[in-house]
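Asker: query.cif is the file, holding mmCIF, C-alpha atoms and all ligand atoms:
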data_structure
#
loop_
_atom_site.label_atom_id
_atom_site.label_comp_id
_atom_site.auth_asym_id
_atom_site.auth_seq_id
_atom_site.Cartn_x
_atom_site.Cartn_y
_atom_site.Cartn_z
CA MET A 1 8.20 -27.49 14.81
CA THR A 2 10.75 -26.37 12.22
CA ARG A 3 10.19 -26.80 8.51
CA ARG A 4 12.55 -25.47 5.87
CA THR A 5 9.94 -24.43 3.33
CA LEU A 6 6.23 -23.77 3.81
CA THR A 7 3.71 -23.15 1.03
CA LEU A 8 0.40 -21.57 2.01
CA LEU A 9 -2.75 -20.50 0.24
CA GLY A 10 -4.04 -17.19 1.64
CA ILE A 11 -7.64 -15.94 1.44
CA GLU A 12 -8.71 -12.33 2.05
CA THR A 13 -12.37 -11.25 2.18
CA SER A 14 -12.63 -8.74 5.05
CA CYS A 15 -13.67 -5.69 3.03
CA ASP A 16 -14.24 -5.05 -0.68
CA GLU A 17 -11.36 -7.00 -2.20
CA THR A 18 -11.80 -10.72 -2.86
CA ALA A 19 -8.28 -12.12 -2.96
CA ALA A 20 -6.32 -15.37 -3.00
CA ALA A 21 -2.58 -15.99 -3.23
CA VAL A 22 0.04 -18.68 -2.84
CA VAL A 23 3.17 -17.72 -0.90
CA ARG A 24 6.24 -19.68 0.10
CA ARG A 25 8.36 -19.06 3.18
CA HIS A 26 11.89 -20.42 3.19
CA ASP A 27 13.63 -20.81 6.50
CA GLU A 28 17.30 -20.21 5.80
CA GLY A 29 18.61 -21.02 9.29
CA ASP A 30 19.88 -18.75 12.12
CA GLY A 31 16.69 -16.72 11.96
CA ALA A 32 17.18 -15.85 8.28
CA PHE A 33 14.20 -16.29 5.98
CA ARG A 34 12.92 -15.46 2.53
CA GLY A 35 9.47 -15.16 0.99
CA ASP A 36 8.26 -15.79 -2.53
CA ILE A 37 4.90 -14.82 -3.96
CA LEU A 38 3.94 -17.62 -6.35
CA SER A 39 0.61 -16.06 -7.27
CA ASN A 40 -1.53 -13.15 -6.10
CA VAL A 41 -4.99 -12.55 -7.57
CA VAL A 42 -7.21 -9.72 -6.41
CA PHE A 43 -10.75 -8.99 -7.53
CA SER A 44 -11.65 -5.45 -6.58
CA GLN A 45 -15.39 -4.92 -6.02
CA ILE A 46 -15.11 -1.18 -6.70
CA ARG A 47 -17.67 -1.25 -9.51
CA GLU A 48 -20.26 -3.03 -7.35
CA HIS A 49 -19.99 -0.40 -4.60
CA ALA A 50 -19.31 2.76 -6.62
CA PRO A 51 -23.02 3.63 -7.20
CA TYR A 52 -23.46 3.81 -3.39
CA GLY A 53 -20.34 5.90 -2.74
CA GLY A 54 -18.98 3.39 -0.23
CA VAL A 55 -18.76 -0.30 0.64
CA VAL A 56 -22.17 -1.95 1.20
CA PRO A 57 -21.57 -4.98 3.49
CA GLU A 58 -24.32 -7.20 2.01
CA ILE A 59 -23.17 -6.57 -1.55
CA ALA A 60 -19.57 -7.26 -0.50
CA ALA A 61 -20.45 -10.59 1.13
CA ARG A 62 -22.41 -11.74 -1.93
CA ALA A 63 -19.61 -10.74 -4.30
CA HIS A 64 -17.10 -12.68 -2.18
CA VAL A 65 -19.32 -15.78 -2.46
CA GLU A 66 -19.55 -15.37 -6.23
CA HIS A 67 -15.86 -14.82 -6.91
CA LEU A 68 -13.83 -16.59 -4.25
CA ASP A 69 -13.82 -20.17 -5.63
CA GLY A 70 -12.70 -19.01 -9.08
CA LEU A 71 -9.97 -16.83 -7.59
CA ILE A 72 -8.62 -19.69 -5.47
CA ALA A 73 -8.51 -21.96 -8.56
CA ARG A 74 -6.65 -19.21 -10.44
CA ALA A 75 -4.18 -18.65 -7.60
CA LEU A 76 -3.26 -22.35 -7.64
CA ASP A 77 -3.14 -22.34 -11.42
CA ASP A 78 -0.88 -19.27 -11.61
CA ALA A 79 1.41 -20.86 -9.02
CA LYS A 80 1.37 -24.10 -11.07
CA LEU A 81 0.55 -26.04 -7.92
CA GLY A 82 -2.10 -28.50 -6.79
CA TRP A 83 -3.71 -28.97 -3.37
CA GLU A 84 -1.10 -31.63 -2.55
CA ASP A 85 1.67 -29.01 -2.79
CA LEU A 86 0.20 -26.89 0.02
CA ASP A 87 1.24 -27.12 3.67
CA GLY A 88 -1.70 -25.12 4.98
CA ILE A 89 -4.57 -22.71 4.36
CA ALA A 90 -4.59 -19.19 5.81
CA ALA A 91 -7.65 -16.96 5.86
CA THR A 92 -8.54 -13.62 7.38
CA ALA A 93 -10.64 -14.36 10.50
CA GLY A 94 -11.15 -10.67 11.35
CA PRO A 95 -11.34 -7.78 11.92
CA GLY A 96 -13.64 -6.66 9.11
CA LEU A 97 -17.14 -6.79 7.68
CA ILE A 98 -18.46 -9.94 9.30
CA GLY A 99 -20.34 -11.31 6.25
CA GLY A 100 -17.20 -11.23 4.15
CA VAL A 101 -15.00 -12.66 6.89
CA ILE A 102 -17.45 -15.57 7.27
CA VAL A 103 -17.28 -16.33 3.52
CA GLY A 104 -13.47 -16.47 3.48
CA LEU A 105 -13.03 -18.31 6.76
CA MET A 106 -15.71 -20.93 5.99
CA THR A 107 -14.21 -21.55 2.55
CA ALA A 108 -10.79 -22.03 4.15
CA LYS A 109 -12.23 -24.41 6.74
CA GLY A 110 -13.95 -26.43 4.01
CA ILE A 111 -10.69 -26.82 2.10
CA ALA A 112 -8.73 -27.58 5.27
CA PHE A 113 -11.22 -30.30 6.22
CA ALA A 114 -11.52 -31.82 2.74
CA ARG A 115 -7.77 -31.80 2.03
CA ASN A 116 -6.68 -32.53 5.57
CA LEU A 117 -4.60 -29.36 5.75
CA PRO A 118 -3.93 -27.19 8.81
CA LEU A 119 -5.87 -23.91 9.10
CA VAL A 120 -4.27 -20.62 10.13
CA ALA A 121 -6.80 -17.96 11.20
CA VAL A 122 -5.07 -14.67 10.45
CA ASN A 123 -5.72 -11.23 11.91
CA HIS A 124 -6.03 -8.95 8.86
CA LEU A 125 -3.93 -6.30 10.63
CA GLU A 126 -1.17 -8.82 11.23
CA GLY A 127 -1.23 -9.42 7.47
CA HIS A 128 -0.51 -5.72 6.88
CA ALA A 129 1.99 -5.64 9.75
CA LEU A 130 4.16 -8.52 8.47
CA THR A 131 4.09 -7.68 4.74
CA ALA A 132 7.41 -5.81 4.99
CA ARG A 133 9.06 -9.09 6.03
CA LEU A 134 7.79 -10.75 2.86
CA THR A 135 8.88 -7.87 0.60
CA ASN A 136 11.99 -6.58 2.41
CA ARG A 137 12.95 -9.35 4.87
CA VAL A 138 12.76 -6.88 7.75
CA ALA A 139 13.95 -8.38 11.06
CA PHE A 140 12.12 -7.88 14.39
CA PRO A 141 11.74 -5.49 16.13
CA TYR A 142 10.50 -2.60 14.00
CA LEU A 143 8.19 0.35 14.35
CA LEU A 144 4.96 0.12 12.35
CA LEU A 145 2.70 2.91 11.15
CA LEU A 146 -0.48 1.11 10.14
CA VAL A 147 -2.75 3.35 8.09
CA SER A 148 -5.78 1.81 6.41
CA GLY A 149 -9.49 2.37 5.89
CA GLY A 150 -10.34 1.20 9.39
CA HIS A 151 -7.15 1.77 11.39
CA SER A 152 -4.48 4.33 12.23
CA GLN A 153 -1.96 2.99 14.70
CA LEU A 154 1.68 3.17 15.71
CA LEU A 155 3.01 -0.11 17.09
CA VAL A 156 6.28 -1.76 17.94
CA VAL A 157 6.32 -5.14 16.18
CA GLU A 158 8.36 -7.31 18.53
CA GLY A 159 7.62 -10.62 16.84
CA VAL A 160 4.84 -12.67 15.29
CA GLY A 161 1.79 -12.09 17.50
CA ALA A 162 3.73 -9.62 19.69
CA TYR A 163 2.61 -6.02 19.21
CA ARG A 164 3.04 -3.07 21.58
CA ARG A 165 0.75 -0.18 20.76
CA LEU A 166 2.18 3.34 21.14
CA GLY A 167 -0.75 5.27 19.71
CA THR A 168 -4.04 5.01 17.86
CA THR A 169 -6.74 7.24 16.44
CA VAL A 170 -9.16 8.71 18.94
CA ASP A 171 -11.83 9.08 16.22
CA ASP A 172 -11.61 8.39 12.45
CA ALA A 173 -9.02 6.30 10.64
CA VAL A 174 -6.89 8.17 8.13
CA GLY A 175 -8.14 6.16 5.12
CA GLU A 176 -11.71 6.89 6.23
CA ALA A 177 -10.86 10.63 6.28
CA PHE A 178 -9.50 10.36 2.71
CA ASP A 179 -12.69 8.57 1.63
CA LYS A 180 -14.96 11.16 3.27
CA VAL A 181 -13.03 14.11 1.88
CA ALA A 182 -13.25 12.54 -1.59
CA LYS A 183 -17.01 12.32 -1.15
CA MET A 184 -17.26 15.98 -0.05
CA LEU A 185 -15.23 17.04 -3.08
CA ARG A 186 -17.27 14.68 -5.31
CA LEU A 187 -14.14 12.90 -6.47
CA GLY A 188 -15.75 9.48 -6.49
CA PHE A 189 -14.96 6.17 -4.85
CA PRO A 190 -12.52 4.85 -3.69
CA GLY A 191 -11.41 8.12 -2.18
CA GLY A 192 -7.74 7.78 -1.30
CA PRO A 193 -6.33 7.37 -4.82
CA ALA A 194 -8.75 10.06 -6.15
CA VAL A 195 -7.65 12.63 -3.55
CA GLU A 196 -3.99 11.83 -4.23
CA LYS A 197 -4.49 12.27 -7.97
CA VAL A 198 -6.14 15.70 -7.87
CA ALA A 199 -3.90 16.90 -5.00
CA ARG A 200 -0.94 16.61 -7.37
CA GLU A 201 -2.37 19.52 -9.39
CA GLY A 202 -3.37 21.58 -6.33
CA ASP A 203 -1.83 24.39 -4.31
CA ALA A 204 -1.65 23.22 -0.68
CA ALA A 205 -0.94 26.77 0.54
CA ARG A 206 -4.21 28.34 -0.69
CA PHE A 207 -6.28 27.13 2.26
CA ALA A 208 -5.25 26.74 5.92
CA LEU A 209 -6.48 23.57 7.63
CA PRO A 210 -5.98 22.38 11.22
CA ARG A 211 -3.43 19.72 12.25
CA PRO A 212 -5.18 17.90 15.13
CA LEU A 213 -2.92 16.78 18.02
CA MET A 214 0.21 17.98 16.23
CA GLY A 215 2.93 18.93 18.70
CA ARG A 216 1.06 17.29 21.59
CA PRO A 217 2.76 14.55 23.64
CA GLY A 218 2.23 10.89 22.73
CA CYS A 219 1.43 9.16 19.49
CA ASP A 220 -2.38 9.29 19.18
CA PHE A 221 -4.10 10.59 16.06
CA SER A 222 -7.30 12.51 15.45
CA PHE A 223 -8.79 13.20 12.04
CA SER A 224 -12.41 14.12 12.64
CA GLY A 225 -11.67 17.85 13.25
CA LEU A 226 -9.70 18.01 10.02
CA LYS A 227 -12.52 16.31 8.16
CA THR A 228 -15.06 18.79 9.57
CA ALA A 229 -12.79 21.72 8.63
CA VAL A 230 -12.66 20.39 5.05
CA ARG A 231 -16.46 20.12 4.98
CA GLN A 232 -16.89 23.69 6.20
CA LEU A 233 -14.29 24.95 3.74
CA ALA A 234 -15.90 23.11 0.81
CA GLU A 235 -19.36 24.41 1.77
CA ALA A 236 -18.07 27.98 2.10
CA GLN A 237 -16.68 27.79 -1.43
CA GLY A 238 -20.13 27.02 -2.89
CA ASP A 239 -19.89 25.46 -6.34
CA LEU A 240 -16.50 23.81 -6.47
CA ASP A 241 -14.50 24.28 -9.65
CA GLY A 242 -11.67 21.91 -10.57
CA ARG A 243 -8.95 24.20 -9.26
CA THR A 244 -10.62 24.71 -5.88
CA ARG A 245 -11.16 20.97 -5.45
CA ALA A 246 -7.52 20.30 -6.26
CA ASP A 247 -6.38 23.01 -3.82
CA ILE A 248 -8.59 21.66 -1.01
CA ALA A 249 -7.39 18.10 -1.69
CA ALA A 250 -3.77 19.26 -1.63
CA ALA A 251 -4.29 21.21 1.62
CA PHE A 252 -5.96 18.19 3.21
CA GLN A 253 -3.24 15.79 2.11
CA GLN A 254 -0.57 18.17 3.38
CA ALA A 255 -2.30 18.40 6.77
CA VAL A 256 -2.44 14.59 6.96
CA ALA A 257 1.24 14.38 6.02
CA ASP A 258 2.16 16.89 8.76
CA VAL A 259 0.16 14.98 11.37
CA LEU A 260 1.52 11.56 10.37
CA ALA A 261 5.09 12.88 10.32
CA ASP A 262 4.68 14.50 13.76
CA ARG A 263 3.10 11.44 15.38
CA ALA A 264 5.59 9.07 13.74
CA SER A 265 8.57 11.10 14.91
CA HIS A 266 7.27 10.97 18.50
CA ALA A 267 6.91 7.21 18.14
CA MET A 268 10.40 6.88 16.67
CA ARG A 269 11.82 8.67 19.72
CA MET A 270 9.75 6.59 22.14
CA ALA A 271 10.72 3.33 20.45
CA ALA A 272 14.38 4.15 19.86
CA PRO A 273 15.72 2.57 23.11
CA SER A 274 14.14 -0.78 22.17
CA MET A 275 15.40 -0.73 18.57
CA PRO A 276 18.78 -2.06 17.42
CA LEU A 277 21.09 0.96 17.01
CA LYS A 278 22.18 0.31 13.43
CA ALA A 279 18.88 -1.09 12.19
CA ARG A 280 16.07 1.17 13.30
CA ARG A 281 13.22 0.79 10.87
CA LEU A 282 9.88 2.49 10.36
CA VAL A 283 7.55 0.30 8.30
CA VAL A 284 4.41 1.84 6.80
CA ALA A 285 1.57 -0.53 5.95
CA GLY A 286 -2.11 -0.51 4.97
CA GLY A 287 -3.90 1.02 1.98
CA VAL A 288 -2.94 4.63 2.77
CA ALA A 289 0.74 3.63 2.57
CA SER A 290 0.34 3.50 -1.21
CA ASN A 291 0.09 7.35 -1.23
CA LEU A 292 3.33 8.64 -2.75
CA ALA A 293 3.17 12.14 -1.23
CA LEU A 294 2.81 10.64 2.26
CA ARG A 295 5.65 8.21 1.58
CA GLU A 296 7.97 11.03 0.55
CA ARG A 297 7.15 13.02 3.65
CA LEU A 298 7.71 10.03 5.95
CA GLU A 299 11.01 9.29 4.22
CA THR A 300 12.34 12.71 5.26
CA THR A 301 10.97 12.35 8.80
CA ALA A 302 12.41 8.86 9.25
CA SER A 303 15.88 9.80 8.10
CA ALA A 304 15.90 12.84 10.42
CA GLU A 305 15.25 10.42 13.33
CA GLY A 306 17.91 7.93 12.20
CA TYR A 307 15.38 5.38 10.94
CA GLU A 308 15.18 3.62 7.60
CA LEU A 309 11.74 3.87 5.99
CA VAL A 310 10.36 0.63 4.55
CA VAL A 311 7.17 0.69 2.49
CA PRO A 312 6.00 -2.38 0.57
CA PRO A 313 4.97 -1.87 -3.08
CA ALA A 314 1.52 -0.26 -3.45
CA ARG A 315 -0.24 -3.44 -4.65
CA LEU A 316 0.84 -5.15 -1.41
CA CYS A 317 -0.22 -2.20 0.78
CA THR A 318 -3.87 -2.39 -0.25
CA ASP A 319 -5.74 -5.56 0.71
CA ASN A 320 -4.47 -8.75 -0.96
CA GLY A 321 -4.15 -12.48 -0.37
CA ALA A 322 -0.34 -12.61 -0.31
CA MET A 323 -0.20 -10.72 2.99
CA ILE A 324 -2.61 -13.24 4.55
CA ALA A 325 -0.72 -16.24 3.13
CA TRP A 326 2.55 -14.75 4.44
CA ALA A 327 1.20 -14.01 7.94
CA GLY A 328 -0.18 -17.56 7.89
CA ALA A 329 3.23 -18.94 6.94
CA GLU A 330 4.95 -16.93 9.68
CA ARG A 331 2.51 -18.29 12.27
CA PHE A 332 2.67 -21.82 10.88
CA ALA A 333 6.50 -21.73 11.07
CA LEU A 334 6.08 -21.20 14.84
CA GLY A 335 3.53 -24.01 15.14
CA LEU A 336 0.61 -21.60 15.49
CA THR A 337 -2.31 -23.24 13.67
CA ASP A 338 -5.99 -23.00 14.60
CA PRO A 339 -8.83 -25.46 15.19
CA LEU A 340 -11.67 -25.77 12.68
CA ASP A 341 -14.14 -24.31 15.17
CA THR A 342 -12.31 -20.96 15.20
CA GLY A 343 -14.88 -18.18 14.87
CA PRO A 344 -14.90 -15.06 12.69
CA ARG A 345 -14.44 -11.75 14.52
CA ALA A 346 -15.72 -8.32 13.48
CA ARG A 347 -13.37 -6.70 16.00
CA TRP A 348 -9.92 -7.99 16.83
CA PRO A 349 -7.25 -5.57 18.06
CA LEU A 350 -3.73 -6.47 17.07
CA ASP A 351 -2.32 -6.06 20.56
CA ALA A 352 -4.92 -8.36 22.15
CA GLY A 353 -2.79 -11.51 21.87
CA THR A 354 -2.54 -14.27 19.32
CA ARG A 355 -5.54 -16.44 20.11
CA THR A 356 -8.48 -16.06 17.78
CA ASP A 357 -10.97 -16.91 20.52
CA ALA A 358 -9.56 -14.44 23.07
CA ALA A 359 -11.82 -11.62 24.22
O1 LIG B 1 -5.76 -1.61 3.75
P1 LIG B 1 -6.90 -1.28 2.88
O2 LIG B 1 -6.86 -1.73 1.43
O3 LIG B 1 -8.25 -1.79 3.47
C1 LIG B 1 -8.47 -1.77 4.85
O4 LIG B 1 -8.04 -2.73 5.55
O5 LIG B 1 -9.06 -0.75 5.31
O6 LIG B 1 -7.07 0.31 2.94
C2 LIG B 1 -8.09 0.97 2.24
C3 LIG B 1 -7.97 2.45 2.55
C4 LIG B 1 -9.13 3.26 1.96
O7 LIG B 1 -9.62 4.15 2.94
C5 LIG B 1 -8.48 4.00 0.81
O8 LIG B 1 -9.09 5.24 0.51
C6 LIG B 1 -7.06 4.19 1.33
O9 LIG B 1 -6.77 2.98 1.98
N1 LIG B 1 -6.12 4.43 0.23
C7 LIG B 1 -5.44 5.58 0.08
C8 LIG B 1 -4.73 5.44 -1.14
N2 LIG B 1 -4.98 4.20 -1.66
C9 LIG B 1 -5.85 3.60 -0.80
N3 LIG B 1 -5.40 6.69 0.83
C10 LIG B 1 -4.62 7.70 0.39
N4 LIG B 1 -3.92 7.66 -0.77
C11 LIG B 1 -3.93 6.55 -1.55
N5 LIG B 1 -3.23 6.52 -2.69
ZN ZN B 2 -6.49 -3.77 5.00
#
Let me see the structure of the file written as structure tokens.
Ligand code: KG4
Ligand code: ZN

Answerer:
Amino acid sequence: MTRRTLTLLGIETSCDETAAAVVRRHDEGDGAFRGDILSNVVFSQIREHAPYGGVVPEIAARAHVEHLDGLIARALDDAKLGWEDLDGIAATAGPGLIGGVIVGLMTAKGIAFARNLPLVAVNHLEGHALTARLTNRVAFPYLLLLVSGGHSQLLVVEGVGAYRRLGTTVDDAVGEAFDKVAKMLRLGFPGGPAVEKVAREGDAARFALPRPLMGRPGCDFSFSGLKTAVRQLAEAQGDLDGRTRADIAAAFQQAVADVLADRASHAMRMAAPSMPLKARRLVVAGGVASNLALRERLETTASAEGYELVVPPARLCTDNGAMIAWAGAERFALGLTDPLDTGPRARWPLDAGTRTDAA
């Protein structure tokens, strides 16, 4: 099935952002394409979860129920479109907090049924993985460093639904480590942006922290030892003054940067033979990709390996509806739509195939 232009509504509810967006994918022939974001509304539930220092799944699910309908109406309004202008509805079907995924997927199914529109059940990670095609029109294949609250992976993106994993975390995800370190340093929630902010004022050289797996073969990550080292360091310092917190945050962020750069350069070497010689690209995606210090470090590493670094704008790295609408449009363009009995999935690895009902 080939269509020149596809317009999709995208719904994202897998964690603590309730989001809806309308995105258009133009097929320009000979494999060329272009994406337009017609609207992109995100309601961040930060204030609901902040008193608990982390995301509370039941509160998240309830907040999605309360806000989603209004956000969808606003997304259509901002795009100046009606239901009749849509070609399909895309929603995150996993992985994520199951209550939230159910809210988004059921809403999408309801609309699809009532409006007689095709449903695309999107893997949230595929949303992150394909965002660089929406923002930078990146052609397949490319290397992807996916760093979010729940995932740290290096993958070769060979096509829509075609992912080859080179490495993954053996324990915590990098975003999770940022969030936990922020908690230890009492920097508040959400942790990543808070650590980045105070690290800017800190001296990364004051404290020595470990770099787990650095220099070892392969592309796996490990962050739990680093996290424990930060805990021990913070405890040993007793009452933390502002300067000490900033110095610990800076040392932690520097250790993460060193580890990511080391693992990514291994992956760039491993993937190089399967990458086009003049267009080797390293794409960074997921919430942690919005960290400017990490971006700068990866820029240097990528150019040393002969790769171009591509990072979508920060607001499209953290969870949003446009990435889901776009992944939905990419799948739809290939004829990949899903039946209305498609189930939500708490776990759904990206390299497990394209079917939403696969084990
Ligand atoms: O992709 P995302 O919005 O949600 C998931 O799918 O997990 O990523 C959220 C994660 C959180 O752990 C958050 O602390 C982290 O991304 N994050 C950051 C920054 N902004 C968000 N980590 C480091 N520096 C940042 N500026
Ligand atoms: Zn995400």

Asker: Using all atoms listed in the file, list the residues that have an atom at most 7 Å from (-12.2, 21.9, 1.0), coordinates as in the file, as a PDB file with C-alpha atoms, keeping the file's coordinate frame.

Answerer:
ATOM      1  CA  VAL A 230     -12.660  20.390   5.050  1.00  0.00           C
ATOM      2  CA  ARG A 231     -16.460  20.120   4.980  1.00  0.00           C
ATOM      3  CA  LEU A 233     -14.290  24.950   3.740  1.00  0.00           C
ATOM      4  CA  ALA A 234     -15.900  23.110   0.810  1.00  0.00           C
ATOM      5  CA  ARG A 245     -11.160  20.970  -5.450  1.00  0.00           C
ATOM      6  CA  ILE A 248      -8.590  21.660  -1.010  1.00  0.00           C
ATOM      7  CA  ALA A 249      -7.390  18.100  -1.690  1.00  0.00           C
TER       8      ALA A 249
END

Asker: Which polymer residues, whether protein, DNA or RNA, lie within 12 Å of the coordinate (-17.6, 18.6, -4.4) when you count all atoms listed in the file? List them as a list in words, using the chain letters and numbers from the file.

Answerer: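 Using all atoms listed in the file, the matching residues come out as Lys180, Val181, Ala182, Lys183, Met184, Leu185, Arg186, Leu187, Gly188, Val195, Val230, Arg231, Gln232, Leu233, Ala234, Glu235, Ala236, Gln237, Gly238, Asp239, Leu240, Asp241, Gly242, Arg243, Thr244, Arg245, Ala246, Ile248 and Ala249 of chain A.
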
Asker: Could you tell me which of A:Arg4, A:Lys80, A:His151, A:His128 comes closest to A:Val22 if we count all atoms listed in the file?

Answerer: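 The answer is A:Lys80, which sits nearest to A:Val22.
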
Asker: Counting all atoms listed in the file, which residues in chain A sit no more than 10 Å from ligand ZN 2 (chain B)? For each one, give the nearest pair of atoms and the distance in Å, sorted by chain then residue number, as a Markdown table.

Answerer:
| residue | atom | partner | partner_atom | distance |
| --- | --- | --- | --- | --- |
| A:Glu12 | CA | B:ZN2 | ZN | 9.3 |
| A:Thr13 | CA | B:ZN2 | ZN | 9.9 |
| A:Ser14 | CA | B:ZN2 | ZN | 7.9 |
| A:Cys15 | CA | B:ZN2 | ZN | 7.7 |
| A:Asp16 | CA | B:ZN2 | ZN | 9.7 |
| A:Glu17 | CA | B:ZN2 | ZN | 9.3 |
| A:Pro95 | CA | B:ZN2 | ZN | 9.4 |
| A:Gly96 | CA | B:ZN2 | ZN | 8.7 |
| A:His124 | CA | B:ZN2 | ZN | 6.5 |
| A:Leu125 | CA | B:ZN2 | ZN | 6.7 |
| A:Glu126 | CA | B:ZN2 | ZN | 9.6 |
| A:Gly127 | CA | B:ZN2 | ZN | 8.1 |
| A:His128 | CA | B:ZN2 | ZN | 6.6 |
| A:Ala129 | CA | B:ZN2 | ZN | 9.9 |
| A:Leu146 | CA | B:ZN2 | ZN | 9.3 |
| A:Val147 | CA | B:ZN2 | ZN | 8.6 |
| A:Ser148 | CA | B:ZN2 | ZN | 5.8 |
| A:Gly149 | CA | B:ZN2 | ZN | 6.9 |
| A:Gly150 | CA | B:ZN2 | ZN | 7.7 |
| A:His151 | CA | B:ZN2 | ZN | 8.5 |
| A:Ala285 | CA | B:ZN2 | ZN | 8.7 |
| A:Gly286 | CA | B:ZN2 | ZN | 5.5 |
| A:Gly287 | CA | B:ZN2 | ZN | 6.2 |
| A:Val288 | CA | B:ZN2 | ZN | 9.4 |
| A:Leu316 | CA | B:ZN2 | ZN | 9.8 |
| A:Cys317 | CA | B:ZN2 | ZN | 7.7 |
| A:Thr318 | CA | B:ZN2 | ZN | 6.0 |
| A:Asp319 | CA | B:ZN2 | ZN | 4.7 |
| A:Asn320 | CA | B:ZN2 | ZN | 8.0 |
| A:Met323 | CA | B:ZN2 | ZN | 9.6 |

Asker: Where does stretch 231-258 of chain A meet stretch 155-178 of chain A within 9 Å, residue by residue, with the nearest atom pair and distance in Å to one decimal for each, counting all atoms listed in the file, listed by chain and rising number, as a Markdown table?

Answerer:
| residue | atom | partner | partner_atom | distance |
| --- | --- | --- | --- | --- |
| A:Phe252 | CA | A:Phe178 | CA | 8.6 |
| A:Gln253 | CA | A:Phe178 | CA | 8.3 |
| A:Val256 | CA | A:Val174 | CA | 7.9 |

Asker: For each of A:Arg62, A:Arg200, A:Lys278, A:Arg24, take the minimum atom-to-atom distance to A:Asp247, counting only C-alpha atoms, then give the residue where this is smallest.

Answerer: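 Under the stated criterion, the closest residue is A:Arg200.
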
Asker: Which one of A:Ile111, A:Ile89, A:Val120, A:Val56 sits closest to A:Arg331 if you count only C-alpha atoms?

Answerer: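 With only C-alpha atoms as the atom set, the closest residue is A:Val120.
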
Asker: Using only C-alpha atoms and all ligand atoms, pick whichever of A:Asp179, A:Asp87, A:Asp78, A:Asp69 has the shortest atom-to-atom distance to ligand LIG 1 (chain B).

Answerer: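 Residue with the minimum atom-to-atom distance to ligand LIG 1 (chain B): A:Asp179.
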
Asker: Rounded to one decimal, what separation in Å do you get between atom N3 of ligand LIG 1 (chain B) and atom CA of A:Ala63?

Answerer: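 So the answer is 23.1 Å.
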
Asker: Measuring atom to atom with only C-alpha atoms, identify which of A:Val259, A:Ala289, A:Ala132, A:Ala108 is nearest to A:Glu196.

Answerer: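 Closest residue, counting only C-alpha atoms: A:Ala289.
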
Asker: Might you pull out every residue within 12 Å of A:Glu48, with all atoms listed in the file counted and same-chain residues fewer than 2 positions away left off, and present them as a list in words?

Answerer: Asp16, Glu17, Phe43, Ser44, Gln45, Ile46, Ala50, Pro51, Tyr52, Gly53, Gly54, Val55, Val56, Pro57, Glu58, Ile59, Ala60, Ala61, Arg62, Ala63, His64, Phe189 and Pro190 of chain A

Asker: Okay, now the selection with C-alpha atoms, as a CSV table (one decimal), in the frame of the given file?

Answerer:
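The resulting file, selection.csv, is shown below:
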chain,number,residue,atom,x,y,z
A,16,ASP,CA,-14.2,-5.0,-0.7
A,17,GLU,CA,-11.4,-7.0,-2.2
A,43,PHE,CA,-10.8,-9.0,-7.5
A,44,SER,CA,-11.6,-5.4,-6.6
A,45,GLN,CA,-15.4,-4.9,-6.0
A,46,ILE,CA,-15.1,-1.2,-6.7
A,50,ALA,CA,-19.3,2.8,-6.6
A,51,PRO,CA,-23.0,3.6,-7.2
A,52,TYR,CA,-23.5,3.8,-3.4
A,53,GLY,CA,-20.3,5.9,-2.7
A,54,GLY,CA,-19.0,3.4,-0.2
A,55,VAL,CA,-18.8,-0.3,0.6
A,56,VAL,CA,-22.2,-2.0,1.2
A,57,PRO,CA,-21.6,-5.0,3.5
A,58,GLU,CA,-24.3,-7.2,2.0
A,59,ILE,CA,-23.2,-6.6,-1.6
A,60,ALA,CA,-19.6,-7.3,-0.5
A,61,ALA,CA,-20.4,-10.6,1.1
A,62,ARG,CA,-22.4,-11.7,-1.9
A,63,ALA,CA,-19.6,-10.7,-4.3
A,64,HIS,CA,-17.1,-12.7,-2.2
A,189,PHE,CA,-15.0,6.2,-4.8
A,190,PRO,CA,-12.5,4.8,-3.7

Asker: Determine the nearest neighbour of ligand LIG 1 (chain B) from the options A:Ser39, A:Thr92, A:Asn116, A:Ser303, counting all atoms listed in the file.

Answerer: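 Checking each of A:Ser39, A:Thr92, A:Asn116, A:Ser303 against ligand LIG 1 (chain B), counting all atoms listed in the file, the winner is A:Thr92.
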
Asker: Enter the distance from atom CA of A:Asp338 to atom CA of A:Ile102, in Å, rounded to one decimal.

Answerer: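 Result for atom CA of A:Asp338 versus atom CA of A:Ile102: 15.5 Å, one decimal.
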
Asker: Using only C-alpha atoms, determine which residues lie at most 9 Å from stretch 135-145 of chain A, disregarding the query and same-chain residues fewer than 3 positions distant; provide the list as a ChimeraX atom specification.

Answerer: /A:31-36,129-132,152-160,260,264,267-268,271,274-276,279-286,289,310-313,316

Asker: Mind giving me the straight-line distance from atom CA of A:Ile37 to atom CA of A:Ala21 in Å, one decimal?

Answerer: 7.6 Å

Asker: So for stretch 80-96 of chain A, what box centre and size do we get, axis-aligned, 4 Å extra on each of the six sides, every listed atom, Å to one decimal, as JSON?

Answerer:
{"center_x": -6.0, "center_y": -19.1, "center_z": 0.4, "size_x": 23.3, "size_y": 33.0, "size_z": 31.0}

Asker: Give me the residues near A:Leu86 as a VMD selection string, where near means some atom within 12 Å (using all atoms listed in the file) and where sequence neighbours in that chain fewer than 5 positions away do not count.

Answerer: chain A and resid 5 to 10 21 to 25 38 76 79 to 81 111 to 112 115 to 119 325 329
